[in-house]
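Peer 1: Below is one structure. I have some questions about it.
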Amino acid sequence: MFVDHAVIYVKGGNGGNGIVSWRREKYVPRGGPAGGDGGRGGDVVLVVDEGLRTLVDFRYQRHFKAKSGEPGGPANRHGANGEDLVVKVPPGTVVRDRDTGEWLGDLVHPGDRLVVARGGRGGRGNAHFANSVRKAPEIAEKGEPGEERTIELELRVLADVGLVGYPSVGKSTLLRAMTRAEPKIGAYPFTTLHPELGVVELSEGRSFVMADLPGLIEGAHEGRGLGHQFLRHVERTRVLVHVIDMAAVDGRDPVEDYRVIEEELARYRAELADRPRIVAANKMDLPDAEEHLARFRAAYPHLEVYPISGVTHQGLQPLAERLYQLVDMTPEPASREAEVADATARKVYRLAEEEPIKIYREDGIFVVEHPEIEKLVQMTNFDQYDAVKRFQRIMKSRGVDDALRAHGAQDGDVIRIGDMVFDFVD
Ligand SMILES: Nc1nc2c(ncn2[C@@H]2O[C@H](COP(=O)(O)OP(=O)(O)OP(=O)(O)O)[C@@H](O)[C@H]2O)c(=O)[nH]1
Ligand SMILES: [Mg+2]
């Protein structure tokens, strides 16, 4: 089965810990600090792979963790960096943060890359903390934890031409007749549950990609039938072919069918109304089709109509030639650029915000919340005397002490930051 939507968890590798170590020299009991830095954790990177067509693999594997960095070594040896984890996705994958809804990127062309979880930086070894006053620092940072998040992948089919229309009008049959694709065909509504792609090949190496889409019904724009799941695939096709059952096999009226489906498309996205489209008047091999066609032409004299049959293959060559012409002269839909601009604007807005330090009381304990301060706690080794001193200094200079006092914290009160609990000593 084709899956065009997936939710996965990604985590960058943790940075390696920095270490405390001393230079060893002959006849010197304790040389200078020489603890090396930890290595960087690997990133989780999405990369477009041309050979992939679906997101089906993500149903079986949903967790992706990159390798952690190695700890630093003695004699200032830097720990090895963790390897990046490369995750392959099909062309046309859109990536969002599941929890914030933030747009992270669009992976369109083969080779496109997107880092979705950064590895943490390595902790610094004690060599970094020496200065003229503190010559023998007993202090090394722990590695920074890798970024983690849950992301949503959505595949948008990149087809040049999309076949739209009611169920059972013959879209899948037409795709099979014009390409080597083998879509499922049946005589009941919603046979096609997912888009199928095929390449239409013309003479002189000319070709374009055509997508067979699930049938539309009235109310699709508000989620009826396959609703939005289907409609979002239409957004990126340059040209639409509206397929009509001219033999009215299901007892509907071709003139009415056209109007209803066009209305659904326009209600979903107003821009779709301007997308180049032609009408494929299908099932012309059946009785009554000629009669309906004459009525249809009279009702919509401005439309470009191609009488065809997906079964006898009549009229398919002129239809293919005309579609190629239209694809060739129509630029890629602008929806993508608009989305990019939108996301950029949102990001800038976020950066401008300064994150305030949040303090509140929970069961008599003071809880401090702030991403950077929580990270500092995670990276501090509280077994080291100098590391504790440094931590205290930073808490003071960042104004955490004052803020706690302002909230009523006194000597002996308990403070929690992330997973760590401290005593407040004034
Ligand atoms: N006589 C005749 N029958 C056709 C023609 N095209 C399709 N059919 C028949 O119409 C029925 C539906 O065809 P499909 O190709 O599955 O229709 P569809 O538009 O893909 O339907 P959904 O996937 O449900 O939206 C099948 O029984 C086909 O054999 C045609 O040109 N002539
Ligand atoms: Mg179909």
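A note on labels: chains of the structure tokens are A, B, ... as shown, every chain counts residues from 1, and ligands are counted from 1 in their shown order.
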Excluding A:Glu201 and its own-chain neighbours fewer than 3 positions away, which residues fall within 12 Å of it when counting only C-alpha atoms? Please give them as a VMD selection string.
Peer 2: chain A and resid 177 to 181 198 204 to 210 317 320 to 321 323 to 324
Peer 1: I want to know what sits within 8 Å of A:Val115, based on only C-alpha atoms, with residues of the same chain fewer than 6 positions away left out; could you give that as a ChimeraX atom specification?
Peer 2: /A:43-46
Peer 1: Go through stretch 195-284 of chain A and collect every residue that DSSP, computed from the backbone, puts in helix (DSSP H, G or I); the answer should be as a VMD selection string.
Peer 2: chain A and resid 203 to 205 220 to 222 227 to 234 254 to 268 270 to 274
Peer 1: With distances taken over only C-alpha atoms and all ligand atoms, which of A:Ala403, A:Val7, A:Ala159, A:Leu213 is nearest to ligand 2?
Peer 2: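 The answer is A:Leu213, which sits nearest to ligand 2.
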Peer 1: Mind checking which residues fall within 10 Å of stretch 50-62 of chain A, counting only C-alpha atoms, ignoring those fewer than 6 positions away in the same chain, and posting them as a list in words?
Peer 2: Met1, Phe2, Val3, Asp4, His5, Ala6, Val7, Ile8, Tyr9, Val10, Lys88, Val89, Pro90, Pro91, Gly92, Thr93, Val108, His109, Pro110, Gly111, Thr150, Leu153, Glu154, Leu155, Arg156, Val157, Glu196 and Leu197 of chain A
Peer 1: For the selection just defined, write its residues with N, CA and C atoms to a file, as a JSON list (two decimals), in the first residue's frame.
Peer 2:
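File result_13.json, as written:
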[["chain", "number", "residue", "atom", "x", "y", "z"],
["A", 1, "MET", "N", 0.83, -1.21, 0.00],
["A", 1, "MET", "CA", 0.00, 0.00, 0.00],
["A", 1, "MET", "C", 0.86, 1.25, 0.00],
["A", 2, "PHE", "N", 0.35, 2.24, -0.61],
["A", 2, "PHE", "CA", 1.05, 3.52, -0.71],
["A", 2, "PHE", "C", 0.75, 4.35, 0.53],
["A", 3, "VAL", "N", 1.79, 4.86, 1.16],
["A", 3, "VAL", "CA", 1.58, 5.71, 2.33],
["A", 3, "VAL", "C", 2.16, 7.08, 2.01],
["A", 4, "ASP", "N", 1.41, 8.11, 2.20],
["A", 4, "ASP", "CA", 1.95, 9.41, 1.83],
["A", 4, "ASP", "C", 2.04, 10.34, 3.03],
["A", 5, "HIS", "N", 2.13, 9.72, 4.21],
["A", 5, "HIS", "CA", 2.15, 10.51, 5.42],
["A", 5, "HIS", "C", 2.85, 9.66, 6.48],
["A", 6, "ALA", "N", 3.76, 10.25, 7.24],
["A", 6, "ALA", "CA", 4.44, 9.47, 8.26],
["A", 6, "ALA", "C", 4.88, 10.38, 9.39],
["A", 7, "VAL", "N", 4.91, 9.84, 10.61],
["A", 7, "VAL", "CA", 5.39, 10.59, 11.77],
["A", 7, "VAL", "C", 6.57, 9.81, 12.34],
["A", 8, "ILE", "N", 7.70, 10.46, 12.48],
["A", 8, "ILE", "CA", 8.88, 9.77, 13.00],
["A", 8, "ILE", "C", 9.55, 10.60, 14.10],
["A", 9, "TYR", "N", 10.32, 9.87, 14.93],
["A", 9, "TYR", "CA", 11.06, 10.52, 16.02],
["A", 9, "TYR", "C", 12.53, 10.55, 15.63],
["A", 10, "VAL", "N", 13.16, 11.71, 15.74],
["A", 10, "VAL", "CA", 14.57, 11.81, 15.37],
["A", 10, "VAL", "C", 15.36, 12.41, 16.54],
["A", 88, "LYS", "N", 16.76, 8.30, 4.04],
["A", 88, "LYS", "CA", 16.33, 8.58, 2.67],
["A", 88, "LYS", "C", 14.83, 8.82, 2.57],
["A", 89, "VAL", "N", 14.48, 9.84, 1.80],
["A", 89, "VAL", "CA", 13.05, 10.13, 1.58],
["A", 89, "VAL", "C", 12.81, 10.32, 0.08],
["A", 90, "PRO", "N", 11.58, 10.12, -0.38],
["A", 90, "PRO", "CA", 11.29, 10.31, -1.81],
["A", 90, "PRO", "C", 11.22, 11.79, -2.19],
["A", 91, "PRO", "N", 11.45, 12.12, -3.47],
["A", 91, "PRO", "CA", 11.30, 13.51, -3.92],
["A", 91, "PRO", "C", 9.87, 13.98, -3.69],
["A", 92, "GLY", "N", 9.74, 15.21, -3.19],
["A", 92, "GLY", "CA", 8.40, 15.74, -2.95],
["A", 92, "GLY", "C", 7.97, 15.63, -1.49],
["A", 93, "THR", "N", 8.94, 15.39, -0.60],
["A", 93, "THR", "CA", 8.60, 15.23, 0.82],
["A", 93, "THR", "C", 8.64, 16.59, 1.53],
["A", 108, "VAL", "N", 12.80, 18.37, -2.54],
["A", 108, "VAL", "CA", 12.21, 18.24, -3.87],
["A", 108, "VAL", "C", 13.10, 17.49, -4.85],
["A", 109, "HIS", "N", 14.36, 17.93, -4.95],
["A", 109, "HIS", "CA", 15.24, 17.39, -5.97],
["A", 109, "HIS", "C", 16.17, 16.32, -5.41],
["A", 110, "PRO", "N", 16.55, 15.36, -6.26],
["A", 110, "PRO", "CA", 17.48, 14.33, -5.80],
["A", 110, "PRO", "C", 18.71, 14.98, -5.17],
["A", 111, "GLY", "N", 19.11, 14.48, -4.01],
["A", 111, "GLY", "CA", 20.29, 15.04, -3.34],
["A", 111, "GLY", "C", 19.97, 16.15, -2.35],
["A", 150, "THR", "N", 9.81, 15.24, 17.17],
["A", 150, "THR", "CA", 8.97, 14.36, 16.37],
["A", 150, "THR", "C", 8.59, 15.14, 15.13],
["A", 153, "LEU", "N", 6.25, 13.79, 8.08],
["A", 153, "LEU", "CA", 6.63, 13.80, 6.67],
["A", 153, "LEU", "C", 5.36, 13.68, 5.84],
["A", 154, "GLU", "N", 5.31, 14.48, 4.80],
["A", 154, "GLU", "CA", 4.15, 14.40, 3.93],
["A", 154, "GLU", "C", 4.67, 14.37, 2.50],
["A", 155, "LEU", "N", 4.19, 13.42, 1.74],
["A", 155, "LEU", "CA", 4.65, 13.30, 0.37],
["A", 155, "LEU", "C", 3.66, 13.98, -0.56],
["A", 156, "ARG", "N", 4.17, 14.92, -1.31],
["A", 156, "ARG", "CA", 3.32, 15.55, -2.31],
["A", 156, "ARG", "C", 3.80, 15.09, -3.67],
["A", 157, "VAL", "N", 2.94, 14.43, -4.36],
["A", 157, "VAL", "CA", 3.32, 13.88, -5.65],
["A", 157, "VAL", "C", 3.73, 14.97, -6.61],
["A", 196, "GLU", "N", -1.29, 7.39, -8.20],
["A", 196, "GLU", "CA", -0.36, 6.54, -8.95],
["A", 196, "GLU", "C", 0.26, 7.41, -10.03],
["A", 197, "LEU", "N", 1.54, 7.15, -10.28],
["A", 197, "LEU", "CA", 2.23, 7.96, -11.28],
["A", 197, "LEU", "C", 2.60, 7.13, -12.49]]
Peer 1: If we count only C-alpha atoms and set the cut-off at 10 Å, which residues sit around A:Asp250, ignoring sequence neighbours fewer than 2 positions away in its own chain? Please answer as JSON, numbers by chain.
Peer 2: {"A": [167, 168, 169, 187, 188, 245, 247, 248, 252, 253]}
Peer 1: Tell me which protein, DNA and RNA residues are within 12 Å of A:Ala299, counting only C-alpha atoms, leaving out same-chain ones fewer than 6 positions away, and put them as an mmCIF file with N, CA and C atoms, in the first residue's frame.
Peer 2:
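Writing the result to selection19.cif gives the following:
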data_model
loop_
_atom_site.group_PDB
_atom_site.id
_atom_site.type_symbol
_atom_site.label_atom_id
_atom_site.label_comp_id
_atom_site.auth_asym_id
_atom_site.auth_seq_id
_atom_site.Cartn_x
_atom_site.Cartn_y
_atom_site.Cartn_z
ATOM 1 N N PRO A 254 -23.199 14.458 -17.154
ATOM 2 C CA PRO A 254 -21.845 14.990 -17.410
ATOM 3 C C PRO A 254 -21.741 16.501 -17.236
ATOM 4 N N VAL A 255 -22.769 17.223 -17.617
ATOM 5 C CA VAL A 255 -22.731 18.693 -17.497
ATOM 6 C C VAL A 255 -22.664 19.089 -16.020
ATOM 7 N N GLU A 256 -23.454 18.423 -15.218
ATOM 8 C CA GLU A 256 -23.498 18.679 -13.780
ATOM 9 C C GLU A 256 -22.198 18.204 -13.106
ATOM 10 N N TYR A 258 -19.205 18.126 -14.223
ATOM 11 C CA TYR A 258 -18.131 19.081 -14.453
ATOM 12 C C TYR A 258 -18.243 20.248 -13.471
ATOM 13 N N ARG A 259 -19.437 20.782 -13.349
ATOM 14 C CA ARG A 259 -19.660 21.941 -12.491
ATOM 15 C C ARG A 259 -19.324 21.618 -11.021
ATOM 16 N N HIS A 292 -24.439 13.116 -25.340
ATOM 17 C CA HIS A 292 -24.022 13.875 -24.149
ATOM 18 C C HIS A 292 -22.918 14.867 -24.491
ATOM 19 N N LEU A 293 -22.015 14.433 -25.377
ATOM 20 C CA LEU A 293 -20.887 15.301 -25.754
ATOM 21 C C LEU A 293 -21.391 16.579 -26.423
#
Peer 1: Of the candidates A:Gly364, A:Pro276, A:Gly170, A:Gly13, which shows the shortest atom-to-atom distance to ligand 1, using only C-alpha atoms and all ligand atoms?
Peer 2: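 Of A:Gly364, A:Pro276, A:Gly170, A:Gly13, the one nearest ligand 1 is A:Gly170, counting only C-alpha atoms and all ligand atoms.
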Peer 1: So that I can check the surroundings of stretch 74-76 of chain A, please list as an MDAnalysis selection string every protein, DNA and RNA residue that reaches within 12 Å of it, counting only C-alpha atoms and ignoring chain neighbours fewer than 2 positions away.
Peer 2: chainID A and resid 18:25 31:38 71:72 78:79 124:128
Peer 1: Can you spit out the residues from that selection as a PDB file, in the first residue's frame, using N, CA and C atoms?
Peer 2:
ATOM      1  N   GLY A  18      33.706  16.100  27.936  1.00  0.00           N
ATOM      2  CA  GLY A  18      35.087  16.541  28.072  1.00  0.00           C
ATOM      3  C   GLY A  18      35.666  15.843  29.298  1.00  0.00           C
ATOM      4  N   ILE A  19      36.970  15.746  29.423  1.00  0.00           N
ATOM      5  CA  ILE A  19      37.502  15.060  30.609  1.00  0.00           C
ATOM      6  C   ILE A  19      38.492  15.930  31.382  1.00  0.00           C
ATOM      7  N   VAL A  20      38.690  15.515  32.625  1.00  0.00           N
ATOM      8  CA  VAL A  20      39.705  16.158  33.463  1.00  0.00           C
ATOM      9  C   VAL A  20      40.935  15.263  33.417  1.00  0.00           C
ATOM     10  N   SER A  21      42.050  15.823  33.025  1.00  0.00           N
ATOM     11  CA  SER A  21      43.277  15.028  32.935  1.00  0.00           C
ATOM     12  C   SER A  21      44.451  15.980  33.050  1.00  0.00           C
ATOM     13  N   TRP A  22      45.607  15.419  33.437  1.00  0.00           N
ATOM     14  CA  TRP A  22      46.778  16.276  33.681  1.00  0.00           C
ATOM     15  C   TRP A  22      47.947  15.819  32.847  1.00  0.00           C
ATOM     16  N   ARG A  23      48.726  16.784  32.427  1.00  0.00           N
ATOM     17  CA  ARG A  23      49.924  16.456  31.674  1.00  0.00           C
ATOM     18  C   ARG A  23      50.876  15.668  32.568  1.00  0.00           C
ATOM     19  N   ARG A  24      51.507  14.665  32.027  1.00  0.00           N
ATOM     20  CA  ARG A  24      52.452  13.901  32.839  1.00  0.00           C
ATOM     21  C   ARG A  24      53.863  14.196  32.358  1.00  0.00           C
ATOM     22  N   GLU A  25      54.613  14.758  33.247  1.00  0.00           N
ATOM     23  CA  GLU A  25      56.004  15.046  32.889  1.00  0.00           C
ATOM     24  C   GLU A  25      56.914  14.407  33.917  1.00  0.00           C
ATOM     25  N   GLY A  31      51.238  17.833  36.185  1.00  0.00           N
ATOM     26  CA  GLY A  31      51.456  18.825  35.135  1.00  0.00           C
ATOM     27  C   GLY A  31      50.220  19.669  34.938  1.00  0.00           C
ATOM     28  N   GLY A  32      50.210  20.464  33.904  1.00  0.00           N
ATOM     29  CA  GLY A  32      49.058  21.332  33.637  1.00  0.00           C
ATOM     30  C   GLY A  32      47.860  20.529  33.146  1.00  0.00           C
ATOM     31  N   PRO A  33      46.703  21.205  33.043  1.00  0.00           N
ATOM     32  CA  PRO A  33      45.492  20.510  32.609  1.00  0.00           C
ATOM     33  C   PRO A  33      45.613  20.075  31.147  1.00  0.00           C
ATOM     34  N   ALA A  34      45.206  18.852  30.817  1.00  0.00           N
ATOM     35  CA  ALA A  34      45.326  18.343  29.453  1.00  0.00           C
ATOM     36  C   ALA A  34      44.152  17.447  29.082  1.00  0.00           C
ATOM     37  N   GLY A  35      42.981  17.733  29.680  1.00  0.00           N
ATOM     38  CA  GLY A  35      41.802  16.921  29.355  1.00  0.00           C
ATOM     39  C   GLY A  35      41.217  17.353  28.025  1.00  0.00           C
ATOM     40  N   GLY A  36      41.028  16.391  27.123  1.00  0.00           N
ATOM     41  CA  GLY A  36      40.534  16.715  25.781  1.00  0.00           C
ATOM     42  C   GLY A  36      39.030  16.952  25.743  1.00  0.00           C
ATOM     43  N   ASP A  37      38.586  17.567  24.652  1.00  0.00           N
ATOM     44  CA  ASP A  37      37.153  17.832  24.442  1.00  0.00           C
ATOM     45  C   ASP A  37      36.471  16.590  23.891  1.00  0.00           C
ATOM     46  N   GLY A  38      35.187  16.485  24.187  1.00  0.00           N
ATOM     47  CA  GLY A  38      34.396  15.402  23.600  1.00  0.00           C
ATOM     48  C   GLY A  38      34.093  15.707  22.133  1.00  0.00           C
ATOM     49  N   PRO A  71      34.068  10.527  24.164  1.00  0.00           N
ATOM     50  CA  PRO A  71      34.643  11.449  25.152  1.00  0.00           C
ATOM     51  C   PRO A  71      36.061  11.875  24.754  1.00  0.00           C
ATOM     52  N   GLY A  72      36.482  12.985  25.295  1.00  0.00           N
ATOM     53  CA  GLY A  72      37.846  13.436  25.036  1.00  0.00           C
ATOM     54  C   GLY A  72      38.847  12.490  25.684  1.00  0.00           C
ATOM     55  N   HIS A  78      41.132  14.973  21.246  1.00  0.00           N
ATOM     56  CA  HIS A  78      39.738  15.282  20.947  1.00  0.00           C
ATOM     57  C   HIS A  78      38.991  13.986  20.704  1.00  0.00           C
ATOM     58  N   GLY A  79      37.809  13.841  21.306  1.00  0.00           N
ATOM     59  CA  GLY A  79      37.013  12.637  21.059  1.00  0.00           C
ATOM     60  C   GLY A  79      36.534  12.607  19.617  1.00  0.00           C
ATOM     61  N   ARG A 124      33.708  20.532  26.857  1.00  0.00           N
ATOM     62  CA  ARG A 124      35.114  20.945  26.842  1.00  0.00           C
ATOM     63  C   ARG A 124      35.891  20.295  27.980  1.00  0.00           C
ATOM     64  N   GLY A 125      37.092  19.917  27.689  1.00  0.00           N
ATOM     65  CA  GLY A 125      37.953  19.298  28.706  1.00  0.00           C
ATOM     66  C   GLY A 125      38.544  20.348  29.623  1.00  0.00           C
ATOM     67  N   ASN A 126      39.235  19.909  30.669  1.00  0.00           N
ATOM     68  CA  ASN A 126      39.697  20.891  31.654  1.00  0.00           C
ATOM     69  C   ASN A 126      40.781  21.820  31.116  1.00  0.00           C
ATOM     70  N   ALA A 127      41.437  21.450  30.018  1.00  0.00           N
ATOM     71  CA  ALA A 127      42.443  22.347  29.438  1.00  0.00           C
ATOM     72  C   ALA A 127      41.830  23.705  29.106  1.00  0.00           C
ATOM     73  N   HIS A 128      40.524  23.686  28.769  1.00  0.00           N
ATOM     74  CA  HIS A 128      39.843  24.931  28.393  1.00  0.00           C
ATOM     75  C   HIS A 128      39.577  25.869  29.540  1.00  0.00           C
TER      76      HIS A 128
END
Peer 1: From the set A:Val95, A:Leu174, A:Val86, A:Leu326, which residue has the shortest atom-to-atom contact distance to ligand 2, counting only C-alpha atoms and all ligand atoms?
Peer 2: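 Using only C-alpha atoms and all ligand atoms, the shortest distance to ligand 2 belongs to A:Leu174.
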Peer 1: I'd like the contact shell of A:Arg118 - 12 Å cut-off, only C-alpha atoms, skipping same-chain residues fewer than 2 positions apart - returned as a PyMOL selection string.
Peer 2: chain A and resi 10-15+40-46+65-68+82-85+114-116+120-121+144-149
Peer 1: Between A:Gly69, A:Gly105, A:Gly215, A:Gly39, which has the minimum distance to ligand 2 (counting only C-alpha atoms and all ligand atoms)?
Peer 2: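 Residue with the minimum atom-to-atom distance to ligand 2: A:Gly215.
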Peer 1: Using DSSP secondary structure from the backbone, list all strand (DSSP E or B) positions within stretch 48-272 of chain A, as a compact mmCIF listing (two decimals) with N, CA and C atoms, in the first residue's frame.
Peer 2:
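Result went into part-v3.txt, see below:
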# COMPACT_ATOMS: atom_id res chain seq x y z
N VAL A 48 17.09 13.30 -0.19
CA VAL A 48 16.19 12.79 -1.24
C VAL A 48 16.87 11.69 -2.04
N HIS A 63 12.01 5.31 14.59
CA HIS A 63 12.97 5.98 15.47
C HIS A 63 14.32 6.07 14.79
N PHE A 64 14.87 7.28 14.78
CA PHE A 64 16.17 7.46 14.13
C PHE A 64 17.09 8.24 15.06
N LYS A 65 18.15 7.57 15.52
CA LYS A 65 19.08 8.23 16.43
C LYS A 65 20.48 8.22 15.83
N LEU A 85 23.44 10.38 10.78
CA LEU A 85 22.53 9.32 10.35
C LEU A 85 21.74 9.85 9.15
N VAL A 86 21.93 9.20 8.01
CA VAL A 86 21.26 9.65 6.78
C VAL A 86 19.97 8.84 6.59
N VAL A 87 18.87 9.57 6.44
CA VAL A 87 17.57 8.92 6.25
C VAL A 87 17.05 9.30 4.86
N LYS A 88 16.76 8.30 4.04
CA LYS A 88 16.33 8.58 2.67
C LYS A 88 14.83 8.82 2.57
N VAL A 89 14.48 9.84 1.80
CA VAL A 89 13.05 10.13 1.58
C VAL A 89 12.81 10.32 0.08
N THR A 93 8.94 15.39 -0.60
CA THR A 93 8.60 15.23 0.82
C THR A 93 8.64 16.59 1.53
N VAL A 94 7.59 16.91 2.23
CA VAL A 94 7.50 18.14 3.01
C VAL A 94 7.66 17.77 4.48
N VAL A 95 8.46 18.55 5.21
CA VAL A 95 8.78 18.18 6.59
C VAL A 95 8.32 19.26 7.57
N ARG A 96 7.63 18.85 8.59
CA ARG A 96 7.18 19.76 9.64
C ARG A 96 7.51 19.21 11.02
N ASP A 97 7.61 20.12 11.99
CA ASP A 97 7.72 19.70 13.38
C ASP A 97 6.30 19.34 13.82
N TRP A 103 7.18 24.66 9.81
CA TRP A 103 7.65 24.10 8.55
C TRP A 103 9.17 24.02 8.60
N LEU A 104 9.74 22.86 8.35
CA LEU A 104 11.19 22.71 8.45
C LEU A 104 11.86 22.68 7.08
N GLY A 105 11.17 22.19 6.09
CA GLY A 105 11.79 22.16 4.78
C GLY A 105 11.02 21.34 3.79
N ASP A 106 11.47 21.47 2.56
CA ASP A 106 10.83 20.88 1.41
C ASP A 106 11.92 20.13 0.67
N LEU A 107 11.79 18.85 0.50
CA LEU A 107 12.83 18.07 -0.17
C LEU A 107 12.33 17.68 -1.54
N ARG A 113 19.14 18.00 0.94
CA ARG A 113 19.39 17.54 2.31
C ARG A 113 18.76 18.47 3.32
N LEU A 114 18.35 17.92 4.41
CA LEU A 114 17.78 18.72 5.49
C LEU A 114 18.16 18.10 6.83
N VAL A 115 18.83 18.91 7.67
CA VAL A 115 19.17 18.42 9.01
C VAL A 115 17.93 18.59 9.89
N VAL A 116 17.41 17.51 10.44
CA VAL A 116 16.19 17.60 11.25
C VAL A 116 16.47 17.49 12.75
N ALA A 117 17.65 16.99 13.13
CA ALA A 117 18.03 16.97 14.55
C ALA A 117 19.54 17.11 14.63
N GLU A 148 16.22 16.65 19.86
CA GLU A 148 15.26 15.60 19.53
C GLU A 148 13.92 16.22 19.21
N ARG A 149 13.20 15.60 18.30
CA ARG A 149 11.87 16.11 17.97
C ARG A 149 11.10 15.05 17.21
N THR A 150 9.81 15.24 17.17
CA THR A 150 8.97 14.36 16.37
C THR A 150 8.59 15.14 15.13
N ILE A 151 8.82 14.54 13.98
CA ILE A 151 8.53 15.26 12.75
C ILE A 151 7.50 14.51 11.92
N GLU A 152 6.86 15.30 11.08
CA GLU A 152 5.81 14.78 10.23
C GLU A 152 6.29 14.89 8.79
N LEU A 153 6.25 13.79 8.08
CA LEU A 153 6.63 13.80 6.67
C LEU A 153 5.36 13.68 5.84
N GLU A 154 5.31 14.48 4.80
CA GLU A 154 4.15 14.40 3.93
C GLU A 154 4.67 14.37 2.50
N LEU A 155 4.19 13.42 1.74
CA LEU A 155 4.65 13.30 0.37
C LEU A 155 3.66 13.98 -0.56
N VAL A 161 0.97 16.44 -14.76
CA VAL A 161 -0.45 16.43 -15.10
C VAL A 161 -1.20 15.60 -14.07
N GLY A 162 -2.31 16.13 -13.60
CA GLY A 162 -3.14 15.38 -12.66
C GLY A 162 -4.49 15.08 -13.27
N LEU A 163 -4.95 13.83 -13.11
CA LEU A 163 -6.27 13.45 -13.62
C LEU A 163 -7.28 13.63 -12.50
N VAL A 164 -8.26 14.50 -12.68
CA VAL A 164 -9.28 14.69 -11.66
C VAL A 164 -10.65 14.33 -12.22
N GLU A 196 -1.29 7.39 -8.20
CA GLU A 196 -0.36 6.54 -8.95
C GLU A 196 0.26 7.41 -10.03
N LEU A 197 1.54 7.15 -10.28
CA LEU A 197 2.23 7.96 -11.28
C LEU A 197 2.60 7.13 -12.49
N GLY A 198 2.61 7.78 -13.65
CA GLY A 198 3.08 7.10 -14.85
C GLY A 198 3.76 8.13 -15.74
N VAL A 199 4.67 7.65 -16.55
CA VAL A 199 5.35 8.55 -17.48
C VAL A 199 4.74 8.40 -18.87
N VAL A 200 4.27 9.50 -19.44
CA VAL A 200 3.73 9.48 -20.80
C VAL A 200 4.89 9.79 -21.74
N GLU A 201 5.20 8.86 -22.63
CA GLU A 201 6.35 9.05 -23.52
C GLU A 201 5.87 9.37 -24.92
N SER A 207 8.67 13.67 -22.72
CA SER A 207 7.83 12.92 -21.78
C SER A 207 7.32 13.84 -20.67
N PHE A 208 6.29 13.41 -20.01
CA PHE A 208 5.83 14.11 -18.81
C PHE A 208 5.23 13.10 -17.85
N VAL A 209 5.11 13.51 -16.58
CA VAL A 209 4.59 12.60 -15.55
C VAL A 209 3.12 12.89 -15.30
N MET A 210 2.34 11.84 -15.32
CA MET A 210 0.91 12.00 -15.12
C MET A 210 0.49 11.24 -13.86
N ALA A 211 -0.39 11.85 -13.07
CA ALA A 211 -0.84 11.20 -11.83
C ALA A 211 -2.32 10.88 -11.92
N ASP A 212 -2.62 9.65 -11.54
CA ASP A 212 -4.01 9.22 -11.42
C ASP A 212 -4.39 9.48 -9.98
N VAL A 239 -0.77 21.01 -14.79
CA VAL A 239 -1.91 20.98 -15.70
C VAL A 239 -2.91 19.95 -15.19
N LEU A 240 -4.19 20.28 -15.28
CA LEU A 240 -5.22 19.33 -14.84
C LEU A 240 -5.98 18.79 -16.05
N VAL A 241 -6.28 17.50 -15.99
CA VAL A 241 -7.19 16.93 -16.99
C VAL A 241 -8.45 16.54 -16.23
N HIS A 242 -9.53 17.18 -16.60
CA HIS A 242 -10.79 16.85 -15.95
C HIS A 242 -11.44 15.74 -16.77
N VAL A 243 -11.50 14.54 -16.19
CA VAL A 243 -12.04 13.39 -16.92
C VAL A 243 -13.54 13.27 -16.66
N ILE A 244 -14.29 13.18 -17.74
CA ILE A 244 -15.76 13.11 -17.63
C ILE A 244 -16.23 11.78 -18.25
N ASP A 245 -17.16 11.12 -17.56
CA ASP A 245 -17.79 9.92 -18.11
C ASP A 245 -18.92 10.38 -19.04
Peer 1: Take atom CA of A:Val249 and atom CA of A:Glu290 and report the distance between them in Å, one decimal.
Peer 2: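 Atom CA of A:Glu290 lies at a distance of 13.4 Å from atom CA of A:Val249.
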